[in-house]
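Structure file coords20.txt (compact mmCIF, N, CA and C atoms) follows.
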# COMPACT_ATOMS: atom_id res chain seq x y z
N MET A 1 0.85 -1.18 0.00
CA MET A 1 0.00 0.00 0.00
C MET A 1 0.90 1.24 0.00
N THR A 2 0.58 2.17 -0.84
CA THR A 2 1.40 3.37 -0.94
C THR A 2 1.00 4.38 0.13
N THR A 3 1.91 5.33 0.36
CA THR A 3 1.61 6.40 1.31
C THR A 3 0.40 7.19 0.87
N GLU A 4 0.28 7.43 -0.46
CA GLU A 4 -0.87 8.17 -0.97
C GLU A 4 -2.17 7.44 -0.68
N THR A 5 -2.19 6.13 -0.86
CA THR A 5 -3.39 5.34 -0.57
C THR A 5 -3.75 5.44 0.90
N ARG A 6 -2.76 5.30 1.78
CA ARG A 6 -3.02 5.39 3.21
C ARG A 6 -3.59 6.76 3.59
N SER A 7 -3.05 7.83 3.01
CA SER A 7 -3.56 9.15 3.36
C SER A 7 -4.98 9.35 2.86
N ASN A 8 -5.33 8.78 1.72
CA ASN A 8 -6.71 8.88 1.23
C ASN A 8 -7.66 8.10 2.13
N GLU A 9 -7.24 6.96 2.61
CA GLU A 9 -8.08 6.17 3.50
C GLU A 9 -8.34 6.90 4.80
N SER A 10 -7.37 7.64 5.29
CA SER A 10 -7.55 8.33 6.56
C SER A 10 -8.54 9.49 6.45
N GLN A 11 -8.90 9.89 5.24
CA GLN A 11 -9.87 10.96 5.05
C GLN A 11 -11.30 10.49 5.31
N ILE A 12 -11.52 9.20 5.26
CA ILE A 12 -12.85 8.65 5.48
C ILE A 12 -13.14 8.67 6.98
N THR A 13 -14.17 9.40 7.36
CA THR A 13 -14.50 9.48 8.79
C THR A 13 -15.71 8.61 9.13
N ARG A 14 -16.51 8.27 8.13
CA ARG A 14 -17.66 7.38 8.32
C ARG A 14 -17.73 6.47 7.11
N GLY A 15 -17.56 5.20 7.34
CA GLY A 15 -17.58 4.23 6.25
C GLY A 15 -18.99 3.84 5.85
N PHE A 16 -19.07 3.04 4.79
CA PHE A 16 -20.38 2.65 4.26
C PHE A 16 -21.19 1.85 5.27
N ARG A 17 -20.54 1.03 6.07
CA ARG A 17 -21.28 0.24 7.07
C ARG A 17 -22.00 1.15 8.06
N GLU A 18 -21.31 2.18 8.51
CA GLU A 18 -21.92 3.13 9.44
C GLU A 18 -23.07 3.89 8.77
N LEU A 19 -22.88 4.29 7.53
CA LEU A 19 -23.93 5.00 6.81
C LEU A 19 -25.17 4.12 6.62
N VAL A 20 -24.96 2.86 6.28
CA VAL A 20 -26.09 1.94 6.11
C VAL A 20 -26.78 1.70 7.44
N ALA A 21 -26.01 1.53 8.51
CA ALA A 21 -26.61 1.33 9.84
C ALA A 21 -27.45 2.55 10.24
N GLU A 22 -26.94 3.74 9.98
CA GLU A 22 -27.71 4.96 10.27
C GLU A 22 -28.99 5.01 9.44
N ALA A 23 -28.90 4.64 8.18
CA ALA A 23 -30.08 4.63 7.32
C ALA A 23 -31.12 3.66 7.87
N ASN A 24 -30.66 2.50 8.30
CA ASN A 24 -31.59 1.49 8.82
C ASN A 24 -32.31 1.95 10.08
N THR A 25 -31.71 2.84 10.85
CA THR A 25 -32.40 3.36 12.04
C THR A 25 -33.36 4.49 11.68
N ALA A 26 -33.16 5.10 10.52
CA ALA A 26 -33.97 6.25 10.13
C ALA A 26 -35.20 5.90 9.30
N ILE A 27 -35.19 4.73 8.69
CA ILE A 27 -36.29 4.37 7.79
C ILE A 27 -36.86 3.01 8.18
N ARG A 28 -38.00 2.71 7.59
CA ARG A 28 -38.67 1.43 7.87
C ARG A 28 -38.03 0.32 7.05
N THR A 29 -37.85 -0.81 7.68
CA THR A 29 -37.33 -1.99 7.00
C THR A 29 -38.39 -3.08 7.05
N TYR A 30 -38.76 -3.56 5.87
CA TYR A 30 -39.70 -4.68 5.78
C TYR A 30 -38.92 -5.98 5.69
N SER A 31 -39.40 -6.99 6.39
CA SER A 31 -38.89 -8.33 6.15
C SER A 31 -39.35 -8.71 4.74
N PRO A 32 -38.71 -9.67 4.11
CA PRO A 32 -39.19 -10.08 2.79
C PRO A 32 -40.66 -10.48 2.81
N GLU A 33 -41.08 -11.16 3.86
CA GLU A 33 -42.49 -11.59 3.94
C GLU A 33 -43.43 -10.39 4.04
N GLU A 34 -43.06 -9.40 4.83
CA GLU A 34 -43.88 -8.19 4.92
C GLU A 34 -43.94 -7.47 3.58
N ALA A 35 -42.81 -7.41 2.88
CA ALA A 35 -42.78 -6.76 1.57
C ALA A 35 -43.65 -7.51 0.57
N ILE A 36 -43.59 -8.83 0.60
CA ILE A 36 -44.42 -9.64 -0.30
C ILE A 36 -45.89 -9.33 -0.07
N ASP A 37 -46.29 -9.16 1.19
CA ASP A 37 -47.68 -8.83 1.51
C ASP A 37 -48.09 -7.46 0.96
N ARG A 38 -47.14 -6.55 0.77
CA ARG A 38 -47.43 -5.20 0.28
C ARG A 38 -47.52 -5.15 -1.25
N LEU A 39 -47.09 -6.19 -1.92
CA LEU A 39 -46.93 -6.18 -3.37
C LEU A 39 -48.18 -5.74 -4.13
N ASP A 40 -49.32 -6.22 -3.76
CA ASP A 40 -50.54 -5.92 -4.53
C ASP A 40 -51.37 -4.78 -3.94
N GLU A 41 -50.83 -4.05 -2.99
CA GLU A 41 -51.57 -2.94 -2.39
C GLU A 41 -51.53 -1.72 -3.29
N ASP A 42 -52.64 -1.01 -3.35
CA ASP A 42 -52.71 0.22 -4.12
C ASP A 42 -51.76 1.26 -3.53
N GLY A 43 -51.13 2.02 -4.40
CA GLY A 43 -50.28 3.11 -3.96
C GLY A 43 -48.89 2.72 -3.51
N VAL A 44 -48.55 1.44 -3.59
CA VAL A 44 -47.22 0.98 -3.20
C VAL A 44 -46.41 0.76 -4.47
N LEU A 45 -45.26 1.39 -4.53
CA LEU A 45 -44.38 1.25 -5.68
C LEU A 45 -43.07 0.63 -5.24
N PHE A 46 -42.75 -0.52 -5.81
CA PHE A 46 -41.46 -1.15 -5.57
C PHE A 46 -40.45 -0.55 -6.53
N VAL A 47 -39.29 -0.21 -5.99
CA VAL A 47 -38.25 0.46 -6.76
C VAL A 47 -36.96 -0.36 -6.66
N ASP A 48 -36.51 -0.86 -7.79
CA ASP A 48 -35.29 -1.65 -7.88
C ASP A 48 -34.13 -0.69 -8.12
N VAL A 49 -33.23 -0.58 -7.15
CA VAL A 49 -32.11 0.36 -7.28
C VAL A 49 -30.81 -0.32 -7.69
N ARG A 50 -30.89 -1.56 -8.12
CA ARG A 50 -29.70 -2.25 -8.59
C ARG A 50 -29.24 -1.64 -9.92
N ASP A 51 -28.01 -1.90 -10.29
CA ASP A 51 -27.51 -1.47 -11.58
C ASP A 51 -28.07 -2.37 -12.67
N ALA A 52 -28.15 -1.85 -13.88
CA ALA A 52 -28.78 -2.56 -15.00
C ALA A 52 -28.27 -4.00 -15.19
N PRO A 53 -26.97 -4.28 -15.13
CA PRO A 53 -26.52 -5.67 -15.32
C PRO A 53 -27.08 -6.65 -14.29
N GLU A 54 -27.45 -6.15 -13.12
CA GLU A 54 -27.98 -7.02 -12.07
C GLU A 54 -29.42 -7.46 -12.35
N LEU A 55 -30.10 -6.78 -13.25
CA LEU A 55 -31.50 -7.07 -13.51
C LEU A 55 -31.71 -8.41 -14.20
N THR A 56 -30.66 -9.01 -14.71
CA THR A 56 -30.80 -10.31 -15.37
C THR A 56 -31.24 -11.39 -14.40
N GLU A 57 -31.10 -11.13 -13.10
CA GLU A 57 -31.53 -12.09 -12.08
C GLU A 57 -33.05 -12.10 -11.92
N GLY A 58 -33.73 -11.15 -12.53
CA GLY A 58 -35.17 -11.02 -12.38
C GLY A 58 -35.51 -9.78 -11.57
N ARG A 59 -36.81 -9.51 -11.49
CA ARG A 59 -37.28 -8.33 -10.77
C ARG A 59 -38.58 -8.64 -10.07
N VAL A 60 -38.91 -7.79 -9.12
CA VAL A 60 -40.21 -7.88 -8.45
C VAL A 60 -41.27 -7.44 -9.46
N PRO A 61 -42.34 -8.19 -9.63
CA PRO A 61 -43.38 -7.78 -10.59
C PRO A 61 -43.93 -6.39 -10.27
N GLY A 62 -44.02 -5.56 -11.30
CA GLY A 62 -44.55 -4.21 -11.14
C GLY A 62 -43.54 -3.19 -10.67
N ALA A 63 -42.33 -3.65 -10.31
CA ALA A 63 -41.30 -2.72 -9.84
C ALA A 63 -40.76 -1.90 -11.00
N ILE A 64 -40.36 -0.68 -10.68
CA ILE A 64 -39.66 0.13 -11.66
C ILE A 64 -38.17 0.06 -11.35
N HIS A 65 -37.36 0.34 -12.35
CA HIS A 65 -35.92 0.37 -12.14
C HIS A 65 -35.47 1.81 -12.10
N ALA A 66 -34.82 2.18 -11.02
CA ALA A 66 -34.22 3.51 -10.86
C ALA A 66 -32.90 3.29 -10.13
N SER A 67 -31.84 3.15 -10.88
CA SER A 67 -30.56 2.80 -10.27
C SER A 67 -30.19 3.79 -9.17
N ARG A 68 -29.50 3.29 -8.16
CA ARG A 68 -29.13 4.12 -7.02
C ARG A 68 -28.38 5.38 -7.45
N GLY A 69 -27.56 5.27 -8.47
CA GLY A 69 -26.78 6.40 -8.92
C GLY A 69 -27.59 7.54 -9.52
N MET A 70 -28.80 7.25 -9.97
CA MET A 70 -29.65 8.27 -10.60
C MET A 70 -30.91 8.57 -9.78
N LEU A 71 -31.04 7.96 -8.63
CA LEU A 71 -32.28 8.02 -7.87
C LEU A 71 -32.78 9.44 -7.60
N GLU A 72 -31.91 10.29 -7.10
CA GLU A 72 -32.33 11.65 -6.76
C GLU A 72 -32.89 12.37 -7.99
N PHE A 73 -32.30 12.13 -9.14
CA PHE A 73 -32.76 12.75 -10.38
C PHE A 73 -34.12 12.19 -10.81
N HIS A 74 -34.34 10.90 -10.57
CA HIS A 74 -35.60 10.27 -10.93
C HIS A 74 -36.75 10.71 -10.02
N ILE A 75 -36.46 11.02 -8.77
CA ILE A 75 -37.49 11.41 -7.80
C ILE A 75 -37.89 12.88 -7.94
N ASP A 76 -36.97 13.74 -8.30
CA ASP A 76 -37.19 15.19 -8.33
C ASP A 76 -37.95 15.62 -9.59
N PRO A 77 -39.17 16.15 -9.44
CA PRO A 77 -39.95 16.57 -10.61
C PRO A 77 -39.28 17.67 -11.43
N ASP A 78 -38.33 18.39 -10.84
CA ASP A 78 -37.63 19.44 -11.58
C ASP A 78 -36.46 18.91 -12.41
N SER A 79 -36.17 17.65 -12.29
CA SER A 79 -35.06 17.04 -13.01
C SER A 79 -35.49 16.61 -14.41
N PRO A 80 -34.62 16.73 -15.39
CA PRO A 80 -34.95 16.22 -16.72
C PRO A 80 -35.04 14.69 -16.74
N TYR A 81 -34.59 14.03 -15.69
CA TYR A 81 -34.64 12.57 -15.60
C TYR A 81 -35.77 12.06 -14.71
N TYR A 82 -36.66 12.96 -14.33
CA TYR A 82 -37.78 12.60 -13.45
C TYR A 82 -38.58 11.45 -14.05
N MET A 83 -39.02 10.54 -13.19
CA MET A 83 -39.86 9.42 -13.60
C MET A 83 -41.26 9.64 -13.03
N ASP A 84 -42.23 9.72 -13.92
CA ASP A 84 -43.62 9.97 -13.52
C ASP A 84 -44.16 8.97 -12.52
N GLU A 85 -43.64 7.75 -12.53
CA GLU A 85 -44.13 6.73 -11.61
C GLU A 85 -44.03 7.16 -10.16
N PHE A 86 -43.07 8.00 -9.85
CA PHE A 86 -42.90 8.45 -8.47
C PHE A 86 -44.04 9.35 -8.01
N SER A 87 -44.74 9.99 -8.92
CA SER A 87 -45.80 10.91 -8.53
C SER A 87 -47.04 10.19 -8.03
N ASP A 88 -47.26 8.97 -8.48
CA ASP A 88 -48.47 8.23 -8.12
C ASP A 88 -48.33 7.37 -6.88
N ALA A 89 -47.13 7.19 -6.40
CA ALA A 89 -46.89 6.25 -5.30
C ALA A 89 -47.09 6.91 -3.95
N ALA A 90 -47.90 6.27 -3.12
CA ALA A 90 -48.06 6.73 -1.74
C ALA A 90 -46.90 6.24 -0.89
N GLU A 91 -46.43 5.02 -1.19
CA GLU A 91 -45.30 4.45 -0.46
C GLU A 91 -44.29 3.90 -1.46
N LEU A 92 -43.02 4.17 -1.19
CA LEU A 92 -41.94 3.65 -2.00
C LEU A 92 -41.23 2.55 -1.22
N VAL A 93 -41.13 1.38 -1.83
CA VAL A 93 -40.43 0.25 -1.21
C VAL A 93 -39.23 -0.08 -2.09
N PHE A 94 -38.05 0.20 -1.58
CA PHE A 94 -36.82 0.01 -2.34
C PHE A 94 -36.23 -1.37 -2.07
N TYR A 95 -35.56 -1.91 -3.07
CA TYR A 95 -34.79 -3.13 -2.87
C TYR A 95 -33.57 -3.11 -3.78
N CYS A 96 -32.57 -3.88 -3.38
CA CYS A 96 -31.32 -3.98 -4.14
C CYS A 96 -30.84 -5.43 -4.06
N ALA A 97 -29.55 -5.63 -4.15
CA ALA A 97 -29.00 -6.99 -4.14
C ALA A 97 -28.72 -7.53 -2.75
N ALA A 98 -28.65 -6.67 -1.74
CA ALA A 98 -28.34 -7.16 -0.40
C ALA A 98 -29.02 -6.37 0.72
N GLY A 99 -29.53 -5.20 0.43
CA GLY A 99 -30.21 -4.40 1.44
C GLY A 99 -29.49 -3.13 1.84
N ALA A 100 -28.26 -2.93 1.37
CA ALA A 100 -27.52 -1.73 1.75
C ALA A 100 -27.90 -0.53 0.88
N ARG A 101 -27.82 -0.70 -0.43
CA ARG A 101 -28.17 0.42 -1.32
C ARG A 101 -29.62 0.82 -1.16
N SER A 102 -30.49 -0.15 -0.91
CA SER A 102 -31.91 0.18 -0.75
C SER A 102 -32.16 0.95 0.54
N ALA A 103 -31.42 0.65 1.59
CA ALA A 103 -31.55 1.43 2.83
C ALA A 103 -31.12 2.87 2.60
N LEU A 104 -29.99 3.05 1.90
CA LEU A 104 -29.53 4.40 1.59
C LEU A 104 -30.50 5.12 0.66
N ALA A 105 -31.09 4.40 -0.28
CA ALA A 105 -32.06 4.99 -1.21
C ALA A 105 -33.30 5.45 -0.46
N ALA A 106 -33.80 4.62 0.43
CA ALA A 106 -35.00 4.99 1.19
C ALA A 106 -34.71 6.20 2.07
N GLN A 107 -33.55 6.22 2.70
CA GLN A 107 -33.17 7.36 3.52
C GLN A 107 -33.11 8.64 2.68
N ARG A 108 -32.52 8.56 1.51
CA ARG A 108 -32.40 9.75 0.66
C ARG A 108 -33.78 10.21 0.19
N ALA A 109 -34.66 9.27 -0.17
CA ALA A 109 -36.02 9.65 -0.59
C ALA A 109 -36.74 10.36 0.55
N ALA A 110 -36.55 9.89 1.78
CA ALA A 110 -37.15 10.56 2.93
C ALA A 110 -36.57 11.95 3.11
N GLU A 111 -35.26 12.08 2.93
CA GLU A 111 -34.63 13.39 3.03
C GLU A 111 -35.13 14.36 1.96
N MET A 112 -35.57 13.80 0.83
CA MET A 112 -36.10 14.64 -0.25
C MET A 112 -37.56 14.99 -0.04
N GLY A 113 -38.18 14.46 1.02
CA GLY A 113 -39.54 14.83 1.34
C GLY A 113 -40.57 13.73 1.20
N ARG A 114 -40.18 12.55 0.76
CA ARG A 114 -41.13 11.43 0.69
C ARG A 114 -41.31 10.90 2.10
N ASP A 115 -42.56 10.88 2.58
CA ASP A 115 -42.76 10.49 3.97
C ASP A 115 -43.05 9.01 4.17
N ARG A 116 -43.39 8.30 3.12
CA ARG A 116 -43.64 6.86 3.25
C ARG A 116 -42.63 6.11 2.40
N VAL A 117 -41.56 5.70 3.06
CA VAL A 117 -40.51 4.95 2.38
C VAL A 117 -40.12 3.75 3.24
N ALA A 118 -39.64 2.73 2.58
CA ALA A 118 -39.17 1.52 3.27
C ALA A 118 -38.22 0.81 2.34
N HIS A 119 -37.58 -0.21 2.88
CA HIS A 119 -36.76 -1.06 2.02
C HIS A 119 -36.89 -2.50 2.48
N VAL A 120 -36.46 -3.41 1.62
CA VAL A 120 -36.58 -4.84 1.88
C VAL A 120 -35.27 -5.35 2.47
N ALA A 121 -35.34 -5.88 3.69
CA ALA A 121 -34.16 -6.45 4.33
C ALA A 121 -33.64 -7.61 3.49
N GLY A 122 -32.35 -7.61 3.26
CA GLY A 122 -31.74 -8.71 2.52
C GLY A 122 -31.84 -8.60 1.02
N GLY A 123 -32.58 -7.62 0.53
CA GLY A 123 -32.66 -7.37 -0.90
C GLY A 123 -33.36 -8.45 -1.71
N PHE A 124 -33.07 -8.44 -2.99
CA PHE A 124 -33.74 -9.35 -3.93
C PHE A 124 -33.51 -10.84 -3.60
N PRO A 125 -32.30 -11.24 -3.20
CA PRO A 125 -32.13 -12.65 -2.84
C PRO A 125 -33.03 -13.09 -1.68
N ALA A 126 -33.20 -12.23 -0.69
CA ALA A 126 -34.09 -12.56 0.44
C ALA A 126 -35.53 -12.64 -0.03
N TRP A 127 -35.90 -11.74 -0.95
CA TRP A 127 -37.24 -11.76 -1.53
C TRP A 127 -37.51 -13.12 -2.20
N THR A 128 -36.58 -13.57 -3.03
CA THR A 128 -36.79 -14.83 -3.75
C THR A 128 -36.76 -16.02 -2.79
N GLU A 129 -35.86 -15.98 -1.79
CA GLU A 129 -35.80 -17.07 -0.81
C GLU A 129 -37.09 -17.17 -0.01
N ALA A 130 -37.79 -16.07 0.19
CA ALA A 130 -39.05 -16.06 0.93
C ALA A 130 -40.23 -16.45 0.04
N GLY A 131 -39.94 -16.76 -1.21
CA GLY A 131 -41.01 -17.19 -2.12
C GLY A 131 -41.70 -16.05 -2.85
N GLY A 132 -41.09 -14.86 -2.83
CA GLY A 132 -41.68 -13.72 -3.54
C GLY A 132 -41.69 -13.96 -5.03
N PRO A 133 -42.75 -13.53 -5.69
CA PRO A 133 -42.82 -13.72 -7.14
C PRO A 133 -41.76 -12.87 -7.84
N ILE A 134 -41.30 -13.35 -8.97
CA ILE A 134 -40.35 -12.58 -9.78
C ILE A 134 -40.81 -12.61 -11.22
N ARG A 135 -40.39 -11.58 -11.94
CA ARG A 135 -40.60 -11.59 -13.38
C ARG A 135 -39.23 -11.76 -14.00
N GLY A 136 -39.22 -12.19 -15.25
CA GLY A 136 -37.97 -12.49 -15.94
C GLY A 136 -37.05 -11.30 -16.10
N ASP A 137 -36.02 -11.48 -16.87
CA ASP A 137 -34.98 -10.48 -17.01
C ASP A 137 -35.27 -9.44 -18.08
N ASP A 138 -36.51 -9.19 -18.40
CA ASP A 138 -36.86 -8.15 -19.36
C ASP A 138 -36.44 -6.82 -18.77
N THR A 139 -35.45 -6.19 -19.36
CA THR A 139 -34.97 -4.92 -18.83
C THR A 139 -35.43 -3.75 -19.68
N SER A 140 -36.38 -3.97 -20.57
CA SER A 140 -36.85 -2.86 -21.38
C SER A 140 -37.52 -1.85 -20.47
N GLY A 141 -37.29 -0.60 -20.77
CA GLY A 141 -37.89 0.48 -19.98
C GLY A 141 -37.14 0.77 -18.70
N SER A 142 -36.01 0.08 -18.48
CA SER A 142 -35.26 0.37 -17.27
C SER A 142 -34.50 1.67 -17.43
N GLN A 143 -34.22 2.30 -16.33
CA GLN A 143 -33.50 3.58 -16.34
C GLN A 143 -32.08 3.38 -15.88
If you convert what's in this file into structure tokens, what do you get?
Amino acid sequence: MTTETRSNESQITRGFRELVAEANTAIRTYSPEEAIDRLDEDGVLFVDVRDAPELTEGRVPGAIHASRGMLEFHIDPDSPYYMDEFSDAAELVFYCAAGARSALAAQRAAEMGRDRVAHVAGGFPAWTEAGGPIRGDDTSGSQ
């Protein structure tokens, strides 16, 4: 490890684990079973924040794709990347590949003013292990 690398590492005062832990205390976390029960409820929008290559594993039926890297732009109606689907949702339920990015996404959506946000503990693998329905790897219309 070079001296430059060590000095860059020392600049980090809060790592991703701490940020995810803080997000988990600030927002609601659904167990996969609780999330599955919410799937067919009116006004609930599932949001897949995984990156596009990860979508080949399948998706939650009815979920929209809004990658974590573009989420703030997709939520903000003043953004040229705004997604209309966000305007109709009473509750946003985020999920990712393990539960970390979705916790951060839900926290950020709450910080932007969305008052009903949650994420799925364990992400998409936990969803499938709990018997949650999935749709195939059709990535058309993904953002």
Next item on the list: Might you pull out every residue within 8 Å of Gly132 (chain A), with all atoms listed in the file counted and same-chain residues fewer than 3 positions away left off, and present them as a PyMOL selection string?
Entry: chain A and resi 32-33+35-36+59-61+126-129+135
Output of the above residues as a PDB file, keeping the file's coordinate frame, restricted to N, CA and C atoms:
ATOM      1  N   PRO A  32     -38.710  -9.670   4.110  1.00  0.00           N
ATOM      2  CA  PRO A  32     -39.190 -10.080   2.790  1.00  0.00           C
ATOM      3  C   PRO A  32     -40.660 -10.480   2.810  1.00  0.00           C
ATOM      4  N   GLU A  33     -41.080 -11.160   3.860  1.00  0.00           N
ATOM      5  CA  GLU A  33     -42.490 -11.590   3.940  1.00  0.00           C
ATOM      6  C   GLU A  33     -43.430 -10.390   4.040  1.00  0.00           C
ATOM      7  N   ALA A  35     -42.810  -7.410   2.880  1.00  0.00           N
ATOM      8  CA  ALA A  35     -42.780  -6.760   1.570  1.00  0.00           C
ATOM      9  C   ALA A  35     -43.650  -7.510   0.570  1.00  0.00           C
ATOM     10  N   ILE A  36     -43.590  -8.830   0.600  1.00  0.00           N
ATOM     11  CA  ILE A  36     -44.420  -9.640  -0.300  1.00  0.00           C
ATOM     12  C   ILE A  36     -45.890  -9.330  -0.070  1.00  0.00           C
ATOM     13  N   ARG A  59     -36.810  -9.510 -11.490  1.00  0.00           N
ATOM     14  CA  ARG A  59     -37.280  -8.330 -10.770  1.00  0.00           C
ATOM     15  C   ARG A  59     -38.580  -8.640 -10.070  1.00  0.00           C
ATOM     16  N   VAL A  60     -38.910  -7.790  -9.120  1.00  0.00           N
ATOM     17  CA  VAL A  60     -40.210  -7.880  -8.450  1.00  0.00           C
ATOM     18  C   VAL A  60     -41.270  -7.440  -9.460  1.00  0.00           C
ATOM     19  N   PRO A  61     -42.340  -8.190  -9.630  1.00  0.00           N
ATOM     20  CA  PRO A  61     -43.380  -7.780 -10.590  1.00  0.00           C
ATOM     21  C   PRO A  61     -43.930  -6.390 -10.270  1.00  0.00           C
ATOM     22  N   ALA A 126     -33.200 -12.230  -0.690  1.00  0.00           N
ATOM     23  CA  ALA A 126     -34.090 -12.560   0.440  1.00  0.00           C
ATOM     24  C   ALA A 126     -35.530 -12.640  -0.030  1.00  0.00           C
ATOM     25  N   TRP A 127     -35.900 -11.740  -0.950  1.00  0.00           N
ATOM     26  CA  TRP A 127     -37.240 -11.760  -1.530  1.00  0.00           C
ATOM     27  C   TRP A 127     -37.510 -13.120  -2.200  1.00  0.00           C
ATOM     28  N   THR A 128     -36.580 -13.570  -3.030  1.00  0.00           N
ATOM     29  CA  THR A 128     -36.790 -14.830  -3.750  1.00  0.00           C
ATOM     30  C   THR A 128     -36.760 -16.020  -2.790  1.00  0.00           C
ATOM     31  N   GLU A 129     -35.860 -15.980  -1.790  1.00  0.00           N
ATOM     32  CA  GLU A 129     -35.800 -17.070  -0.810  1.00  0.00           C
ATOM     33  C   GLU A 129     -37.090 -17.170  -0.010  1.00  0.00           C
ATOM     34  N   ARG A 135     -40.390 -11.580 -11.940  1.00  0.00           N
ATOM     35  CA  ARG A 135     -40.600 -11.590 -13.380  1.00  0.00           C
ATOM     36  C   ARG A 135     -39.230 -11.760 -14.000  1.00  0.00           C
TER      37      ARG A 135
END
Note to self: I'd like to know which residues of region 22-93 of chain A are helix (DSSP H, G or I) (by DSSP, run on the backbone); could you write them as a PyMOL selection string?
What the structure shows: chain A and resi 22-26+32-38+52-57+68-75+85-88
Item checked: Residue among A:Met70, A:Val20, A:Met112, A:Val117 lying closest to Gly99 (chain A), counting only N, CA and C atoms ->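 Of A:Met70, A:Val20, A:Met112, A:Val117, the one nearest Gly99 (chain A) is A:Val20, counting only N, CA and C atoms.
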Check: Any idea what's packed within 8 Å of region 77-92 of chain A, counting only N, CA and C atoms, ignoring anything in its chain fewer than 4 positions away? Could you give it as number ranges by chain?
Finding: A: 42-47, 64, 70, 72-73, 106, 114-119
Listed atoms of region 20-37 of chain A, axis-aligned box, 8 Å per side: centre and edge lengths to one decimal in Å, as AutoDock Vina command-line options?
--center_x -36.5 --center_y -2.7 --center_z 5.9 --size_x 39.1 --size_y 33.8 --size_z 28.3
Check: Could you work out how far atom N of Asp48 (chain A) lies from atom N of Ala63 (chain A), giving the answer in Å with one decimal?
Finding: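 Atom N of Asp48 (chain A) lies 6.9 Å from atom N of Ala63 (chain A).
Distances to Leu39 (chain A) were evaluated for A:Leu71, A:Tyr95, A:Ser10, A:Gly62 using only C-alpha atoms, and the minimum falls at A:Gly62.
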Note to self: For a cutoff of 12 Å around the file-coordinate point (-26.8, 6.1, 9.0), which residues qualify once you count only C-alpha atoms? I'd like the result as a ChimeraX atom specification.
What the structure shows: /A:14-27,100-101,103-108
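Interatomic distance, atom C of Glu41 (chain A) against atom N of Gly69 (chain A): 25.5 Å.
Taking CA of Gly122 (chain A) and CA of Ser67 (chain A) as endpoints, the distance between them is 17.2 Å.
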Notebook entry, point to check: Residues at most 6.5 Å from Asp51 (chain A), counting all atoms listed in the file, excluding those fewer than 2 positions away in the same chain, as JSON, numbers by chain?
Noted result: {"A": [49, 53, 54, 55, 67, 68]}
Note to self: Among chain A, which ones does DSSP assign to strand (DSSP E) (computed from the backbone)? Answer as a PyMOL selection string.
What the structure shows: chain A and resi 28-30+44-48+64-65+91-95+117-120
For the selection just defined, write its residues with N, CA and C atoms to a file, as a compact mmCIF listing (two decimals), in the coordinates of the input.
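Once everything was written out, this is part_34.txt:
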# COMPACT_ATOMS: atom_id res chain seq x y z
N ARG A 28 -38.00 2.71 7.59
CA ARG A 28 -38.67 1.43 7.87
C ARG A 28 -38.03 0.32 7.05
N THR A 29 -37.85 -0.81 7.68
CA THR A 29 -37.33 -1.99 7.00
C THR A 29 -38.39 -3.08 7.05
N TYR A 30 -38.76 -3.56 5.87
CA TYR A 30 -39.70 -4.68 5.78
C TYR A 30 -38.92 -5.98 5.69
N VAL A 44 -48.55 1.44 -3.59
CA VAL A 44 -47.22 0.98 -3.20
C VAL A 44 -46.41 0.76 -4.47
N LEU A 45 -45.26 1.39 -4.53
CA LEU A 45 -44.38 1.25 -5.68
C LEU A 45 -43.07 0.63 -5.24
N PHE A 46 -42.75 -0.52 -5.81
CA PHE A 46 -41.46 -1.15 -5.57
C PHE A 46 -40.45 -0.55 -6.53
N VAL A 47 -39.29 -0.21 -5.99
CA VAL A 47 -38.25 0.46 -6.76
C VAL A 47 -36.96 -0.36 -6.66
N ASP A 48 -36.51 -0.86 -7.79
CA ASP A 48 -35.29 -1.65 -7.88
C ASP A 48 -34.13 -0.69 -8.12
N ILE A 64 -40.36 -0.68 -10.68
CA ILE A 64 -39.66 0.13 -11.66
C ILE A 64 -38.17 0.06 -11.35
N HIS A 65 -37.36 0.34 -12.35
CA HIS A 65 -35.92 0.37 -12.14
C HIS A 65 -35.47 1.81 -12.10
N GLU A 91 -46.43 5.02 -1.19
CA GLU A 91 -45.30 4.45 -0.46
C GLU A 91 -44.29 3.90 -1.46
N LEU A 92 -43.02 4.17 -1.19
CA LEU A 92 -41.94 3.65 -2.00
C LEU A 92 -41.23 2.55 -1.22
N VAL A 93 -41.13 1.38 -1.83
CA VAL A 93 -40.43 0.25 -1.21
C VAL A 93 -39.23 -0.08 -2.09
N PHE A 94 -38.05 0.20 -1.58
CA PHE A 94 -36.82 0.01 -2.34
C PHE A 94 -36.23 -1.37 -2.07
N TYR A 95 -35.56 -1.91 -3.07
CA TYR A 95 -34.79 -3.13 -2.87
C TYR A 95 -33.57 -3.11 -3.78
N VAL A 117 -41.56 5.70 3.06
CA VAL A 117 -40.51 4.95 2.38
C VAL A 117 -40.12 3.75 3.24
N ALA A 118 -39.64 2.73 2.58
CA ALA A 118 -39.17 1.52 3.27
C ALA A 118 -38.22 0.81 2.34
N HIS A 119 -37.58 -0.21 2.88
CA HIS A 119 -36.76 -1.06 2.02
C HIS A 119 -36.89 -2.50 2.48
N VAL A 120 -36.46 -3.41 1.62
CA VAL A 120 -36.58 -4.84 1.88
C VAL A 120 -35.27 -5.35 2.47
